[in-house]
file model_31.txt (compact mmCIF, C-alpha atoms)
# COMPACT_ATOMS: atom_id res chain seq x y z
CA MET A 1075 -128.23 23.63 73.07
CA ILE A 1076 -129.23 26.96 74.44
CA ARG A 1077 -130.75 29.54 72.15
CA ALA A 1078 -128.86 28.32 69.13
CA ALA A 1079 -130.27 30.98 66.84
CA GLY A 1080 -129.37 33.78 69.21
CA VAL A 1081 -125.87 32.47 69.69
CA ALA A 1082 -125.43 32.21 65.94
CA ALA A 1083 -126.51 35.83 65.60
CA ALA A 1084 -124.06 36.86 68.30
CA LEU A 1085 -121.28 34.98 66.57
CA ALA A 1086 -122.09 36.67 63.29
CA ALA A 1087 -122.07 40.06 64.97
CA LEU A 1088 -118.76 39.30 66.65
CA ALA A 1089 -117.23 38.09 63.41
CA ALA A 1090 -118.45 41.15 61.57
CA SER A 1091 -116.91 43.38 64.20
CA THR A 1092 -113.44 41.84 63.99
CA ALA A 1093 -112.26 44.36 61.45
CA ASN A 1094 -113.18 47.36 63.61
CA ALA A 1095 -110.60 48.87 65.94
CA ALA A 1096 -113.29 49.96 68.39
CA ASN A 1097 -115.29 46.84 69.00
CA PRO A 1098 -118.82 47.77 70.03
CA ALA A 1099 -120.21 44.32 69.25
CA GLN A 1100 -117.77 42.70 71.63
CA ASP A 1101 -118.28 45.41 74.23
CA TYR A 1102 -122.01 44.82 73.95
CA ALA A 1103 -121.52 41.06 74.36
CA LEU A 1104 -119.34 41.45 77.42
CA ASN A 1105 -121.21 44.25 79.18
CA CYS A 1106 -124.83 44.36 78.05
CA MET A 1107 -125.90 41.17 76.28
CA GLY A 1108 -126.20 39.13 79.47
CA CYS A 1109 -129.42 40.99 80.29
CA HIS A 1110 -130.54 42.64 77.05
CA GLY A 1111 -130.06 39.46 75.01
CA THR A 1112 -128.28 38.45 71.83
CA GLU A 1113 -130.61 40.54 69.67
CA ALA A 1114 -131.16 43.36 72.17
CA ARG A 1115 -134.81 42.50 72.59
CA GLY A 1116 -134.78 42.46 76.40
CA ILE A 1117 -137.05 40.28 78.53
CA PRO A 1118 -140.75 41.21 78.63
CA GLY A 1119 -141.61 42.60 82.03
CA LYS A 1120 -138.00 42.41 83.25
CA VAL A 1121 -135.43 43.97 80.94
CA PRO A 1122 -136.23 46.80 78.52
CA PRO A 1123 -135.58 46.23 74.83
CA LEU A 1124 -132.93 48.21 72.99
CA ALA A 1125 -133.96 46.96 69.55
CA ASN A 1126 -136.47 49.33 67.96
CA ALA A 1127 -136.25 51.53 71.04
CA LEU A 1128 -132.80 53.04 71.55
CA SER A 1129 -132.63 54.95 68.28
CA ARG A 1130 -136.10 56.36 68.98
CA PHE A 1131 -134.98 57.68 72.36
CA MET A 1132 -132.10 59.33 70.52
CA ARG A 1133 -134.52 61.54 68.53
CA SER A 1134 -134.99 64.06 71.36
CA PRO A 1135 -132.61 65.77 73.83
CA GLU A 1136 -134.55 64.43 76.82
CA GLY A 1137 -134.50 60.93 75.32
CA ARG A 1138 -130.75 61.08 74.80
CA ASN A 1139 -130.29 62.35 78.35
CA TYR A 1140 -132.43 59.47 79.68
CA VAL A 1141 -130.53 56.80 77.75
CA LEU A 1142 -127.16 57.96 79.07
CA ARG A 1143 -128.35 58.06 82.69
CA VAL A 1144 -130.21 54.75 83.04
CA PRO A 1145 -128.35 52.52 85.50
CA GLY A 1146 -127.25 49.95 82.94
CA ALA A 1147 -125.49 52.60 80.86
CA ALA A 1148 -124.34 55.01 83.56
CA ASN A 1149 -122.88 52.29 85.79
CA SER A 1150 -121.43 50.04 83.12
CA ALA A 1151 -117.72 49.26 83.03
CA LEU A 1152 -117.48 50.91 79.60
CA SER A 1153 -115.54 54.14 79.11
CA ASN A 1154 -117.35 57.16 77.70
CA GLU A 1155 -115.90 56.41 74.27
CA GLN A 1156 -116.88 52.75 74.43
CA LEU A 1157 -120.38 53.53 75.68
CA ALA A 1158 -120.96 56.01 72.87
CA ALA A 1159 -119.72 53.48 70.32
CA VAL A 1160 -121.89 50.67 71.70
CA LEU A 1161 -125.03 52.84 71.73
CA ASN A 1162 -124.40 54.09 68.21
CA TRP A 1163 -123.77 50.54 66.99
CA LEU A 1164 -126.96 49.28 68.64
CA ALA A 1165 -129.05 52.10 67.20
CA VAL A 1166 -127.97 51.23 63.68
CA THR A 1167 -127.87 47.44 64.04
CA TYR A 1168 -131.10 46.76 65.89
CA ASP A 1169 -133.64 49.23 64.59
CA SER A 1170 -135.71 48.28 61.58
CA SER A 1171 -136.51 51.94 60.91
CA ALA A 1172 -133.02 53.32 61.58
CA SER A 1173 -132.20 53.74 57.93
CA ALA A 1174 -135.11 56.14 57.47
CA THR A 1175 -134.73 58.09 60.72
CA GLN A 1176 -131.07 57.86 61.55
CA PRO A 1177 -130.50 59.79 64.79
CA ALA A 1178 -127.38 61.84 65.45
CA PRO A 1179 -124.75 59.57 67.01
CA PHE A 1180 -123.58 60.01 70.59
CA THR A 1181 -120.15 61.45 71.22
CA SER A 1182 -117.93 60.70 74.20
CA THR A 1183 -118.27 64.37 75.20
CA GLU A 1184 -122.05 64.08 75.33
CA VAL A 1185 -121.80 60.86 77.33
CA ALA A 1186 -119.36 62.38 79.82
CA ALA A 1187 -121.54 65.45 80.35
CA VAL A 1188 -124.63 63.63 81.64
CA ARG A 1189 -123.68 60.06 82.44
CA HIS A 1190 -123.06 60.52 86.14
CA GLN A 1191 -126.08 62.68 86.93
CA PRO A 1192 -128.26 60.41 89.10
CA LEU A 1193 -131.57 59.36 87.57
CA LEU A 1194 -133.82 59.18 90.61
CA SER A 1195 -136.99 57.79 89.05
CA VAL A 1196 -136.19 55.69 86.02
CA LEU A 1197 -139.67 54.48 85.16
CA ALA A 1198 -141.36 57.87 85.63
CA THR A 1199 -138.73 59.56 83.48
CA ARG A 1200 -139.07 56.88 80.83
CA SER A 1201 -142.83 57.27 80.77
CA ALA A 1202 -142.62 61.05 80.31
CA VAL A 1203 -139.95 60.78 77.60
CA VAL A 1204 -141.87 58.14 75.66
CA HIS A 1205 -145.08 60.16 75.93
CA ASN A 1206 -143.40 63.21 74.41
CA LEU A 1207 -141.65 61.20 71.70
CA ALA A 1208 -144.94 59.66 70.62
CA THR A 1209 -146.24 63.10 69.65
CA THR A 1210 -143.47 63.65 67.12
CA GLY A 1211 -142.87 60.27 65.48
CA PRO A 1212 -141.71 56.70 66.21
CA SER A 1213 -141.41 56.09 69.92
CA PRO A 1214 -140.20 53.24 72.12
CA PRO A 1215 -142.83 51.00 73.68
CA PRO A 1216 -144.41 52.69 76.73
CA ARG A 1217 -144.08 49.47 78.73
CA TYR A 1218 -141.68 46.59 78.48
CA MET B 152 -138.43 -42.19 47.38
CA LYS B 153 -141.44 -42.44 45.08
CA LYS B 154 -143.70 -42.07 48.09
CA LEU B 155 -141.90 -38.93 49.07
CA ASP B 156 -142.20 -37.54 45.53
CA ARG B 157 -145.89 -38.34 45.50
CA LEU B 158 -146.41 -36.72 48.86
CA PHE B 159 -144.80 -33.46 47.73
CA GLU B 160 -146.59 -33.56 44.39
CA ASN B 161 -149.94 -34.02 46.08
CA SER B 162 -149.35 -31.27 48.59
CA ALA B 163 -148.15 -28.91 45.84
CA ARG B 164 -151.21 -29.70 43.70
CA SER B 165 -153.48 -29.26 46.67
CA LEU B 166 -151.92 -25.87 47.43
CA ALA B 167 -152.23 -24.85 43.79
CA LYS B 168 -155.93 -25.77 43.79
CA ARG B 169 -156.57 -23.68 46.88
CA THR B 170 -154.44 -20.63 46.03
CA SER B 171 -153.40 -18.60 43.02
CA ARG B 172 -150.00 -17.13 42.13
CA ARG B 173 -151.54 -13.70 42.35
CA SER B 174 -152.68 -14.26 45.92
CA LEU B 175 -149.22 -15.61 46.76
CA LEU B 176 -147.62 -12.44 45.39
CA ALA B 177 -150.13 -10.33 47.30
CA SER B 178 -149.34 -12.15 50.52
CA LEU B 179 -145.62 -11.81 49.95
CA GLY B 180 -146.07 -8.09 49.23
CA GLN B 181 -148.02 -7.61 52.45
CA LEU B 182 -145.35 -9.41 54.39
CA LEU B 183 -142.55 -7.30 52.92
CA THR B 184 -144.45 -4.04 53.40
CA GLY B 185 -145.30 -4.95 56.98
CA ALA B 186 -141.68 -5.77 57.71
CA ALA B 187 -140.58 -2.43 56.29
CA LEU B 188 -143.12 -0.47 58.35
CA MET B 189 -142.44 -2.22 61.63
CA PRO B 190 -139.78 0.30 62.76
CA LEU B 191 -142.22 3.18 62.14
CA LEU B 192 -144.89 1.93 64.47
CA PRO B 193 -145.50 4.13 67.53
CA ILE B 194 -143.28 2.42 70.03
CA ASP B 195 -142.69 4.03 73.42
CA ARG B 196 -139.11 5.31 73.31
CA THR B 197 -139.38 7.65 76.30
CA ALA B 198 -137.32 5.29 78.39
CA ARG B 199 -134.20 6.30 76.41
CA ALA B 200 -135.17 9.98 76.58
CA GLN B 201 -135.04 9.75 80.34
CA GLU B 202 -131.46 8.56 80.33
CA PRO B 203 -129.11 11.19 81.76
CA ALA B 204 -126.86 13.11 79.37
CA ARG B 205 -123.31 11.82 79.15
CA PRO B 206 -120.90 14.68 79.71
CA SER B 207 -117.19 14.26 79.16
CA PRO B 208 -114.98 13.91 82.25
CA ASP B 209 -113.53 17.39 81.55
CA GLU B 210 -116.96 18.96 81.84
CA GLN B 211 -117.26 17.71 85.40
CA GLN B 212 -114.02 19.35 86.54
CA CYS B 213 -114.08 22.88 87.93
CA GLU B 214 -110.63 23.43 86.40
CA TYR B 215 -112.00 22.97 82.87
CA TRP B 216 -110.85 26.07 80.97
CA LYS B 217 -114.26 27.43 79.98
CA TYR B 218 -115.44 27.48 83.60
CA CYS B 219 -113.05 30.35 84.39
CA ALA B 220 -115.83 32.80 85.29
CA ILE B 221 -118.49 30.43 86.61
CA ASP B 222 -120.07 30.55 90.05
CA GLY B 223 -122.41 27.65 90.77
CA PHE B 224 -123.06 23.94 90.43
CA LEU B 225 -121.83 22.36 87.20
CA CYS B 226 -124.80 21.06 85.20
CA ALA B 227 -122.53 18.32 83.85
CA CYS B 228 -122.73 16.79 87.35
CA CYS B 229 -126.47 17.34 87.65
CA GLY B 230 -127.94 15.34 84.76
CA GLY B 231 -127.08 17.82 82.01
CA THR B 232 -123.88 18.72 80.20
CA SER B 233 -121.72 21.83 80.13
CA THR B 234 -124.03 23.26 77.45
CA SER B 235 -127.43 21.75 78.22
CA CYS B 236 -129.71 22.01 81.21
CA PRO B 237 -130.81 18.86 83.07
CA PRO B 238 -134.31 17.53 82.35
CA GLY B 239 -136.99 19.46 84.21
CA THR B 240 -135.11 22.78 84.26
CA GLN B 241 -135.22 25.82 81.99
CA SER B 242 -132.31 27.97 80.84
CA SER B 243 -132.20 31.53 82.14
CA PRO B 244 -132.67 34.23 79.47
CA ILE B 245 -130.32 36.59 81.33
CA THR B 246 -126.76 35.51 81.94
CA TRP B 247 -123.33 36.27 83.30
CA ILE B 248 -120.79 36.76 80.51
CA GLY B 249 -117.09 36.03 80.88
CA THR B 250 -113.94 35.63 78.83
CA CYS B 251 -111.82 32.48 79.21
CA HIS B 252 -108.46 31.49 77.77
CA ASN B 253 -108.34 28.11 76.02
CA PRO B 254 -104.85 26.68 76.52
CA ALA B 255 -105.39 24.22 73.66
CA ASP B 256 -105.38 26.90 70.97
CA GLY B 257 -104.15 29.92 72.89
CA ARG B 258 -107.25 31.99 72.16
CA ASP B 259 -109.70 33.81 74.42
CA TYR B 260 -113.38 32.99 74.14
CA ILE B 261 -116.51 34.84 75.21
CA VAL B 262 -118.58 32.49 77.35
CA SER B 263 -122.20 32.84 78.47
CA TYR B 264 -122.99 31.28 81.85
CA ASN B 265 -126.69 30.52 81.81
CA ASP B 266 -128.35 29.26 84.94
CA CYS B 267 -130.73 26.32 84.77
CA CYS B 268 -133.84 27.07 86.76
CA GLY B 269 -136.99 25.46 88.13
CA LYS B 270 -135.61 22.86 90.56
CA VAL B 271 -133.88 23.09 93.91
CA SER B 272 -130.10 23.52 93.93
CA CYS B 273 -128.25 20.55 92.49
CA GLY B 274 -125.61 20.50 95.22
CA ASP B 275 -122.95 18.62 93.20
CA CYS B 276 -119.69 19.95 91.74
CA PHE B 277 -119.81 23.47 93.17
CA CYS B 278 -117.40 25.64 91.20
CA ASP B 279 -116.61 29.23 92.16
CA ARG B 280 -113.89 30.71 89.96
CA ASN B 281 -115.41 34.04 88.91
CA GLU B 282 -112.28 35.36 87.20
CA GLY B 283 -112.79 39.00 86.24
CA GLU B 284 -115.56 39.57 88.76
CA LYS B 285 -115.54 42.84 90.71
CA PRO B 286 -116.81 43.47 94.25
CA MET B 287 -120.47 44.21 94.90
CA TYR B 288 -119.95 47.96 94.73
CA ARG B 289 -119.29 47.47 90.99
CA LEU B 290 -122.70 45.92 90.42
CA SER B 291 -122.37 45.70 86.67
CA ARG B 292 -119.36 43.41 87.06
CA ASN B 293 -120.54 41.38 90.03
CA ASN B 294 -121.80 37.82 89.64
CA ASP B 295 -123.51 37.32 92.99
CA VAL B 296 -126.82 37.34 91.20
CA ASN B 297 -129.55 34.75 90.80
CA TRP B 298 -129.76 34.75 87.01
CA CYS B 299 -133.01 32.76 87.31
CA MET B 300 -134.78 35.92 88.46
CA ALA B 301 -136.28 36.48 85.00
CA ASN B 302 -137.66 32.93 84.81
CA SER B 303 -141.18 32.05 85.86
CA GLU B 304 -139.60 29.42 88.15
CA SER B 305 -136.75 31.28 89.81
CA ASN B 306 -135.22 28.40 91.79
CA TYR B 307 -131.55 28.01 90.86
CA HIS B 308 -130.41 24.47 90.00
CA CYS B 309 -127.05 24.60 88.17
CA SER B 310 -125.05 26.53 85.55
CA VAL B 311 -124.01 25.81 81.97
CA SER B 312 -121.35 27.54 79.89
CA VAL B 313 -121.92 28.28 76.22
CA ILE B 314 -119.13 29.63 74.01
CA LEU B 315 -120.36 32.65 72.03
CA GLY B 316 -117.26 33.44 70.02
CA VAL B 317 -113.62 34.41 70.00
CA ALA B 318 -112.70 37.51 72.00
CA GLU B 319 -110.37 40.05 70.54
CA LYS B 320 -107.50 41.25 72.68
call {"tool": "encode", "arguments": {"input": "model_31.txt", "output": "structure tokens"}}
result
Amino acid sequence: MIRAAGVAAALAALAASTANAANPAQDYALNCMGCHGTEARGIPGKVPPLANALSRFMRSPEGRNYVLRVPGAANSALSNEQLAAVLNWLAVTYDSSASATQPAPFTSTEVAAVRHQPLLSVLATRSAVVHNLATTGPSPPPRY
Amino acid sequence: MKKLDRLFENSARSLAKRTSRRSLLASLGQLLTGAALMPLLPIDRTARAQEPARPSPDEQQCEYWKYCAIDGFLCACCGGTSTSCPPGTQSSPITWIGTCHNPADGRDYIVSYNDCCGKVSCGDCFCDRNEGEKPMYRLSRNNDVNWCMANSESNYHCSVSVILGVAEK
């Protein structure tokens, strides 16, 4: 059986989300989990992690701008409302330090304002954002 | 008859002279212990491990309900099952995700289609249903992707389908 532990975690997340009208866990499963994984850890060298990374990007305006413009988010099939809900859910669910440094949640208005501005150099932007974040507190890993 | 009695008596006395009851009990104990440990001895069982998995007939049919969004060779026809990769291949860590309707219970299920990687294409039971897929210009919803690209061995062999949970409407 494939990744039994990961599947169990996904099932638990899906079950927990059943009561919510907006269903970010299911939206994550259907639109993001295929690459980012059942626990949002990514694939070393291939797919960036969201766990212990996304909420740290959300600490600064440039980090928030970057997150909303990366191809996976900007081009996803999710609406602005759904994308905001998924990102907020991920930031809370998959960050061990989120309880101490809870970032301001995304709104659909914020998503709509920057989502479709092309991000021409993803890795260079990421590197600059991470470098700046590291000077003010917890930052995402510089490489993945 | 007396001769027979004498013969047995003599042999029994002879045995008693040569052995003790304690040694008899020890021998019997060794025999019993040995018999009990026989199944634990390191016997080569790899022959059975090499036997191909036995998928159900449903798993080898492209029309099987949980294959609704698959695009590839069914691993159930390639030495694996619908949920396990054939020997000698590795499951892809990145996957195509779909939602399929199970007519048996009337519910929709979220299904992960992992590719099995590391060997040349299986070539049996090709199944291209891809329900819900969008054209290439909607990259995030297009399944014309080699999901083995994140594996160290990126050759595509076949695809499995793992149910992740029930999908809400």
call {"tool": "interface_residues", "arguments": {"input": "model_31.txt", "of": "chain B", "to": "chain A", "cutoff": "8 Å", "atoms": "only C-alpha atoms", "output": "number ranges by chain"}}
result
B: 234-235, 242, 244-249, 261, 263, 289-292, 301, 313, 315-319
call {"tool": "atom_distance", "arguments": {"input": "model_31.txt", "atom1": "atom CA of Thr1210 of chain A", "atom2": "atom CA of Gln1176 of chain A"}}
result
14.8 Å
call {"tool": "closest_residue", "arguments": {"input": "model_31.txt", "among": "B:Tyr260, B:Phe277, B:Trp216, B:Phe159", "to": "Cys309 of chain B", "atoms": "all atoms listed in the file"}}
result
B:Phe277
call {"tool": "atom_distance", "arguments": {"input": "model_31.txt", "atom1": "atom CA of Tyr218 of chain B", "atom2": "atom CA of Pro1098 of chain A"}}
result
24.6 Å
call {"tool": "residues_around", "arguments": {"input": "model_31.txt", "residues": "Trp1163 of chain A", "least_positions_apart": "3", "cutoff": "12 Å", "atoms": "all atoms listed in the file", "output": "PyMOL selection string"}}
result
chain A and resi 1087+1091+1094+1096-1102+1114+1124-1125+1128-1129+1156-1160+1166-1169+1172+1176-1180
call {"tool": "residues_around", "arguments": {"input": "model_31.txt", "residues": "Glu1184 of chain A", "least_positions_apart": "5", "cutoff": "10 Å", "atoms": "all atoms listed in the file", "output": "PyMOL selection string"}}
result
chain A and resi 1138-1139+1142+1154-1155+1158+1179+1189
call {"tool": "write_last_selection", "arguments": {"input": "model_31.txt", "atoms": "C-alpha atoms", "output": "tab-separated table (two decimals), keeping the file's coordinate frame"}}
result
chain	number	residue	atom	x	y	z
A	1138	ARG	CA	-130.75	61.08	74.80
A	1139	ASN	CA	-130.29	62.35	78.35
A	1142	LEU	CA	-127.16	57.96	79.07
A	1154	ASN	CA	-117.35	57.16	77.70
A	1155	GLU	CA	-115.90	56.41	74.27
A	1158	ALA	CA	-120.96	56.01	72.87
A	1179	PRO	CA	-124.75	59.57	67.01
A	1189	ARG	CA	-123.68	60.06	82.44
call {"tool": "residues_around", "arguments": {"input": "model_31.txt", "residues": "Pro208 of chain B", "least_positions_apart": "2", "cutoff": "12 Å", "atoms": "all atoms listed in the file", "output": "PyMOL selection string"}}
result
chain B and resi 205-206+210-215+225+227-228+232-233
call {"tool": "atom_distance", "arguments": {"input": "model_31.txt", "atom1": "atom CA of Asn306 of chain B", "atom2": "atom CA of Val271 of chain B"}}
result
5.9 Å
call {"tool": "closest_residue", "arguments": {"input": "model_31.txt", "among": "A:Ala1148, A:Leu1194, A:Gly1211, A:Pro1216", "to": "Arg1130 of chain A", "atoms": "only C-alpha atoms"}}
result
A:Gly1211
call {"tool": "closest_residue", "arguments": {"input": "model_31.txt", "among": "B:Leu155, B:Ile314, B:Ile221, B:Ala177", "to": "Asp279 of chain B", "atoms": "all atoms listed in the file"}}
result
B:Ile221
